[in-house]
>>> print(open('model05.cif').read())   # mmCIF, C-alpha atoms
data_start
loop_
_atom_site.label_atom_id
_atom_site.label_comp_id
_atom_site.auth_asym_id
_atom_site.auth_seq_id
_atom_site.Cartn_x
_atom_site.Cartn_y
_atom_site.Cartn_z
CA MET Y 1 111.15 57.96 165.73
CA SER Y 2 112.27 54.37 165.74
CA ASP Y 3 112.42 51.91 162.91
CA SER Y 4 113.31 48.94 165.08
CA PRO Y 5 110.76 46.27 164.07
CA VAL Y 6 110.68 45.01 167.64
CA ASP Y 7 111.37 46.27 171.15
CA PRO Y 8 113.97 43.91 172.66
CA ALA Y 9 114.70 45.95 175.77
CA PRO Y 10 112.58 47.14 178.68
CA SER Y 11 112.13 50.89 179.02
CA LEU Y 12 113.94 52.61 181.85
CA SER Y 13 112.60 55.13 184.34
CA VAL Y 14 110.81 58.03 182.69
CA ASP Y 15 113.09 60.32 184.70
CA GLN Y 16 116.05 58.90 182.78
CA HIS Y 17 114.62 57.94 179.41
CA LEU Y 18 111.49 58.46 177.39
CA ALA Y 19 109.58 55.17 177.36
CA LEU Y 20 110.72 52.81 174.59
CA THR Y 21 107.52 51.94 172.73
CA GLY Y 22 108.93 50.58 169.46
CA GLU Y 23 107.65 53.64 167.59
CA ARG Y 24 110.72 55.75 168.30
CA THR Y 25 114.30 55.15 169.32
CA VAL Y 26 115.91 56.62 172.43
CA PRO Y 27 119.52 56.94 173.60
CA GLY Y 28 121.07 55.12 176.52
CA ILE Y 29 119.50 51.65 176.17
CA PRO Y 30 122.10 49.00 175.23
CA ALA Y 31 119.78 46.69 173.28
CA GLU Y 32 118.35 49.65 171.32
CA ASN Y 33 121.79 51.00 170.46
CA TYR Y 34 121.98 49.65 166.89
CA TRP Y 35 118.83 51.53 165.87
CA PHE Y 36 119.78 54.64 167.81
CA ARG Y 37 123.19 54.84 166.13
CA ARG Y 38 121.67 54.16 162.73
CA HIS Y 39 119.50 57.24 163.24
CA GLU Y 40 122.21 59.31 164.88
CA ILE Y 41 124.51 59.12 161.84
CA ALA Y 42 122.01 61.11 159.76
CA TYR Y 43 121.88 63.87 162.38
CA GLU Y 44 125.67 64.03 162.58
CA PHE Y 45 125.77 64.32 158.78
CA MET Y 46 123.18 67.10 159.02
CA VAL Y 47 124.85 69.29 161.65
CA PRO Y 48 127.14 71.25 159.27
CA ARG Y 49 124.24 71.89 156.86
CA SER Y 50 122.17 73.38 159.68
CA ALA Y 51 124.88 75.83 160.76
CA GLY Y 52 123.47 79.34 161.09
CA ARG Y 53 120.00 78.32 159.93
CA GLU Y 54 116.60 78.54 161.56
CA VAL Y 55 115.61 74.88 161.65
CA LEU Y 56 112.36 73.01 162.19
CA GLU Y 57 112.52 69.36 163.15
CA ALA Y 58 109.13 67.90 162.26
CA GLY Y 59 108.62 64.73 164.27
CA SER Y 60 111.39 65.16 166.83
CA GLY Y 61 110.68 62.13 169.03
CA GLU Y 62 112.95 61.98 172.08
CA GLY Y 63 114.69 65.21 171.06
CA TYR Y 64 118.32 64.04 170.89
CA GLY Y 65 118.56 64.89 167.19
CA ALA Y 66 117.26 68.41 167.65
CA ALA Y 67 119.79 68.93 170.43
CA LEU Y 68 122.59 67.84 168.09
CA LEU Y 69 121.45 70.29 165.41
CA ALA Y 70 121.17 73.07 167.99
CA ARG Y 71 124.96 72.99 168.48
CA ARG Y 72 125.40 74.79 165.14
CA ALA Y 73 121.97 76.05 164.07
CA ALA Y 74 120.82 79.59 164.75
CA SER Y 75 117.68 78.11 166.32
CA VAL Y 76 115.85 74.77 166.42
CA THR Y 77 112.10 74.46 166.76
CA CYS Y 78 110.52 71.02 167.16
CA VAL Y 79 107.03 69.72 166.52
CA ASP Y 80 105.88 66.32 167.73
CA TYR Y 81 102.42 64.84 168.15
CA ASP Y 82 103.17 62.80 171.28
CA ALA Y 83 102.58 64.71 174.53
CA ALA Y 84 105.02 62.59 176.53
CA ALA Y 85 107.78 63.18 173.99
CA VAL Y 86 107.10 66.92 174.00
CA GLU Y 87 107.31 67.15 177.79
CA HIS Y 88 110.44 65.00 177.87
CA THR Y 89 112.16 67.15 175.23
CA ARG Y 90 111.18 70.31 177.06
CA ARG Y 91 112.76 69.02 180.28
CA ARG Y 92 115.87 67.39 178.86
CA TYR Y 93 116.80 69.73 175.99
CA PRO Y 94 116.03 73.33 177.00
CA GLU Y 95 118.17 74.59 174.12
CA VAL Y 96 115.37 73.77 171.65
CA LYS Y 97 111.82 75.10 171.41
CA ILE Y 98 109.07 72.51 171.07
CA HIS Y 99 105.37 72.50 170.20
CA GLN Y 100 102.87 69.69 170.34
CA GLY Y 101 101.07 69.48 167.03
CA ASN Y 102 99.98 67.54 163.99
CA LEU Y 103 102.61 67.35 161.26
CA ILE Y 104 100.06 68.02 158.53
CA GLU Y 105 99.00 71.22 160.35
CA LEU Y 106 102.34 72.59 161.50
CA PRO Y 107 101.95 75.36 164.11
CA LEU Y 108 104.36 77.67 162.27
CA ALA Y 109 103.83 80.65 160.04
CA GLU Y 110 104.27 80.51 156.28
CA ALA Y 111 107.87 80.98 155.08
CA SER Y 112 109.22 81.05 158.65
CA VAL Y 113 112.18 78.62 158.61
CA ASP Y 114 115.26 77.97 156.49
CA GLN Y 115 115.36 74.21 156.85
CA VAL Y 116 113.00 71.36 157.75
CA VAL Y 117 114.49 68.14 159.08
CA ASN Y 118 112.31 65.02 159.02
CA PHE Y 119 114.24 61.88 159.92
CA GLN Y 120 112.64 58.44 160.17
CA VAL Y 121 109.14 59.93 160.33
CA ILE Y 122 107.53 59.99 156.87
CA GLU Y 123 106.95 56.21 156.96
CA HIS Y 124 104.76 56.70 160.06
CA LEU Y 125 102.40 59.22 158.46
CA TRP Y 126 99.06 58.49 156.85
CA ASP Y 127 98.99 61.67 154.77
CA GLN Y 128 102.50 61.84 153.34
CA PRO Y 129 101.68 64.30 150.51
CA GLY Y 130 99.90 66.56 153.00
CA PHE Y 131 102.98 66.67 155.19
CA VAL Y 132 105.29 67.51 152.29
CA THR Y 133 102.91 70.33 151.34
CA GLU Y 134 103.18 71.68 154.89
CA CYS Y 135 106.97 71.58 154.69
CA HIS Y 136 106.77 73.62 151.50
CA ARG Y 137 104.50 76.14 153.23
CA VAL Y 138 106.71 76.81 156.25
CA LEU Y 139 109.99 76.96 154.32
CA ARG Y 140 111.31 80.23 152.98
CA PRO Y 141 111.97 80.44 149.22
CA GLY Y 142 115.01 78.31 148.46
CA GLY Y 143 114.72 76.57 151.84
CA GLU Y 144 115.82 72.97 152.27
CA LEU Y 145 113.92 69.85 153.29
CA ALA Y 146 116.06 66.99 154.62
CA MET Y 147 114.28 63.65 154.87
CA SER Y 148 115.42 60.17 155.85
CA THR Y 149 113.41 56.95 155.82
CA PRO Y 150 114.09 53.22 155.79
CA ASN Y 151 114.52 51.83 152.30
CA ARG Y 152 111.43 49.70 151.66
CA ILE Y 153 113.40 47.30 149.46
CA THR Y 154 115.76 46.25 152.25
CA PHE Y 155 113.66 47.01 155.34
CA SER Y 156 110.54 45.00 154.43
CA PRO Y 157 111.80 42.85 151.54
CA GLY Y 158 109.08 41.07 149.61
CA LEU Y 159 106.32 42.22 151.97
CA ASP Y 160 103.11 44.00 150.99
CA VAL Y 161 102.68 45.30 154.55
CA PRO Y 162 105.55 46.98 156.45
CA LEU Y 163 107.30 44.79 159.00
CA ASN Y 164 107.14 47.56 161.60
CA PRO Y 165 103.52 47.84 162.85
CA PHE Y 166 103.96 51.59 163.35
CA HIS Y 167 104.69 52.19 159.65
CA THR Y 168 101.91 53.12 157.26
CA ARG Y 169 103.80 53.27 153.96
CA GLU Y 170 107.49 52.68 153.32
CA LEU Y 171 109.31 54.11 150.29
CA ASN Y 172 112.10 53.18 147.93
CA ALA Y 173 114.36 55.81 146.39
CA ALA Y 174 112.18 56.41 143.33
CA GLU Y 175 109.03 56.70 145.46
CA LEU Y 176 110.67 59.14 147.87
CA THR Y 177 111.87 61.29 145.00
CA GLU Y 178 108.39 61.28 143.43
CA LEU Y 179 106.78 62.25 146.74
CA LEU Y 180 109.09 65.23 147.20
CA GLU Y 181 108.92 66.43 143.60
CA SER Y 182 105.12 66.23 143.54
CA GLY Y 183 105.06 68.42 146.65
CA GLY Y 184 106.96 71.28 145.06
CA PHE Y 185 110.57 70.31 145.77
CA GLU Y 186 113.63 69.63 143.65
CA VAL Y 187 115.70 66.74 144.99
CA THR Y 188 119.28 67.98 144.87
CA GLU Y 189 121.11 65.16 146.69
CA LEU Y 190 120.28 61.55 147.50
CA TYR Y 191 122.30 59.28 149.78
CA GLY Y 192 122.11 55.79 151.19
CA VAL Y 193 123.01 54.63 154.70
CA TYR Y 194 125.04 51.40 154.83
CA HIS Y 195 126.96 49.26 157.29
CA GLY Y 196 130.60 50.24 157.57
CA PRO Y 197 133.52 47.79 157.95
CA ARG Y 198 132.95 46.97 161.61
CA LEU Y 199 129.26 46.28 161.10
CA ARG Y 200 130.00 44.13 158.08
CA GLU Y 201 132.29 42.06 160.30
CA LEU Y 202 129.50 41.72 162.83
CA ASP Y 203 127.08 40.69 160.09
CA ALA Y 204 129.42 37.83 159.23
CA LYS Y 205 129.88 36.94 162.89
CA TRP Y 206 126.13 36.68 163.49
CA GLY Y 207 125.21 34.43 160.60
CA GLY Y 208 125.08 37.03 157.85
CA SER Y 209 122.97 39.75 159.49
CA LEU Y 210 123.32 41.50 162.83
CA ILE Y 211 119.83 42.91 162.29
CA ASP Y 212 118.31 39.44 161.88
CA ALA Y 213 120.21 38.18 164.93
CA GLN Y 214 118.47 40.83 167.02
CA ILE Y 215 115.02 40.47 165.49
CA GLU Y 216 114.85 36.68 165.48
CA ARG Y 217 115.68 36.44 169.19
CA ALA Y 218 113.25 39.18 170.10
CA LEU Y 219 110.38 37.66 168.12
CA ALA Y 220 111.09 34.27 169.72
CA GLY Y 221 111.12 35.82 173.18
CA GLN Y 222 114.67 34.66 173.74
CA ASP Y 223 117.25 36.36 175.91
CA TRP Y 224 120.13 37.82 173.96
CA PRO Y 225 123.50 36.14 174.41
CA ALA Y 226 125.86 38.36 176.38
CA GLN Y 227 128.13 38.71 173.34
CA LEU Y 228 125.27 40.01 171.18
CA VAL Y 229 124.36 42.58 173.83
CA ASP Y 230 128.01 43.64 174.05
CA ASP Y 231 128.40 43.87 170.27
CA VAL Y 232 125.26 45.98 169.87
CA ALA Y 233 126.00 48.21 172.87
CA ALA Y 234 129.51 49.01 171.58
CA LEU Y 235 128.34 50.43 168.23
CA THR Y 236 128.77 54.11 167.38
CA ALA Y 237 127.40 56.26 164.59
CA ALA Y 238 130.81 55.96 162.90
CA ASP Y 239 130.06 52.28 162.23
CA PHE Y 240 127.61 53.41 159.53
CA GLU Y 241 128.43 54.99 156.17
CA ILE Y 242 126.50 57.60 154.20
CA VAL Y 243 127.24 57.24 150.50
CA PRO Y 244 125.97 59.30 147.53
CA ALA Y 245 123.51 57.47 145.30
CA ALA Y 246 125.87 57.93 142.36
CA ASP Y 247 128.60 55.94 144.13
CA ARG Y 248 126.69 52.84 145.23
CA GLU Y 249 123.48 51.06 144.22
CA ILE Y 250 120.86 53.02 146.17
CA ASP Y 251 118.39 50.12 146.22
CA THR Y 252 120.80 48.17 148.45
CA SER Y 253 120.90 50.89 151.12
CA LEU Y 254 119.45 50.46 154.60
CA ASP Y 255 118.04 53.98 154.80
CA LEU Y 256 117.52 56.79 152.32
CA LEU Y 257 118.58 60.39 152.95
CA ALA Y 258 117.29 63.05 150.58
CA PHE Y 259 117.90 66.77 150.38
CA ALA Y 260 115.39 68.86 148.46
CA VAL Y 261 115.01 72.57 147.75
CA ARG Y 262 111.69 74.37 147.84
CA ARG Y 263 110.45 75.43 144.42
CA ASP Y 264 107.84 78.13 143.93
CA LEU Y 265 104.54 76.56 142.95
CA ALA Y 266 102.75 77.99 139.96
#
>>> encode(input="model05.cif", output="structure tokens")
Amino acid sequence: MSDSPVDPAPSLSVDQHLALTGERTVPGIPAENYWFRRHEIAYEFMVPRSAGREVLEAGSGEGYGAALLARRAASVTCVDYDAAAVEHTRRRYPEVKIHQGNLIELPLAEASVDQVVNFQVIEHLWDQPGFVTECHRVLRPGGELAMSTPNRITFSPGLDVPLNPFHTRELNAAELTELLESGGFEVTELYGVYHGPRLRELDAKWGGSLIDAQIERALAGQDWPAQLVDDVAALTAADFEIVPAADREIDTSLDLLAFAVRRDLA
């Protein structure tokens, strides 16, 4: 799923890329690269934790993240609601198994997976508690839920309605923790995603915020300067940092990344 507030680039051929709608991010599009890499860093961080596990990615979008996890996981099963995304994933990433389905009615048996991965999806859902309950149901005892989401405080600062029209409800760190704990999980680790040194240099270069430089031009219908395109296209996941909440003020993070363990409900 994408958390780019706007779609600054035209989608490419469906044979090459899943259509870029603004609701999800896809690889291989230069002007989308900032948002893609910002998502990719969480998957790279996740790969070692998925090693040897039976993994469900709930809300798998284009499928690139599931394919990354499949390099180390025992198996990866995906569920996504969008039929086009499901067919694209099936064609492009045969190493994963995918179902079309509703995330609050997951087409998996009770206690059937070791780990649920849900990255940049919860903010799109209308029934967030219902989804967390479903994650609890399909996880084995002691199984892990990994969830990332944009930090409401920095993503839609001062707004009552999310900036991204595809978002229903955004969360801050306290709200994410409350959501998971109320659904039968114990949050064991909480991290923030931040700009690393190179991105901080680009923030300074583009008037204080590389994000704003992209959004403002897109909203104004302006072409991007060639240098902005080049700067965005050259980014890698390594240009972002994932930092434990104990080491940096979590409310200043760009995205939140939580790990939670399934508790038995009374």
>>> atom_distance(input="model05.cif", atom1="atom CA of Y:Ala246", atom2="atom CA of Y:Thr177")
14.6 Å
>>> closest_residue(input="model05.cif", among="Y:Leu228, Y:Leu190, Y:Ala233, Y:Val116", to="Y:Arg262", atoms="all atoms listed in the file")
Y:Val116
>>> atom_distance(input="model05.cif", atom1="atom CA of Y:Gly52", atom2="atom CA of Y:Val76")
10.4 Å
>>> closest_residue(input="model05.cif", among="Y:Val138, Y:Leu256, Y:Ala42, Y:Ala73", to="Y:Val55", atoms="only C-alpha atoms")
Y:Ala73
>>> resolve_selection(input="model05.cif", expression="the PyMOL selection byres ((chain Y and resi 120-126) around 7)", output="PyMOL selection string")
chain Y and resi 1-2+59+118-119+127-128+148-150+166-170
>>> atom_distance(input="model05.cif", atom1="atom CA of Y:Pro197", atom2="atom CA of Y:Asp231")
13.9 Å
>>> residues_around(input="model05.cif", residues="Y:Glu186", least_positions_apart="4", cutoff="9 Å", atoms="only C-alpha atoms", output="PyMOL selection string")
chain Y and resi 177+180-181+259-263
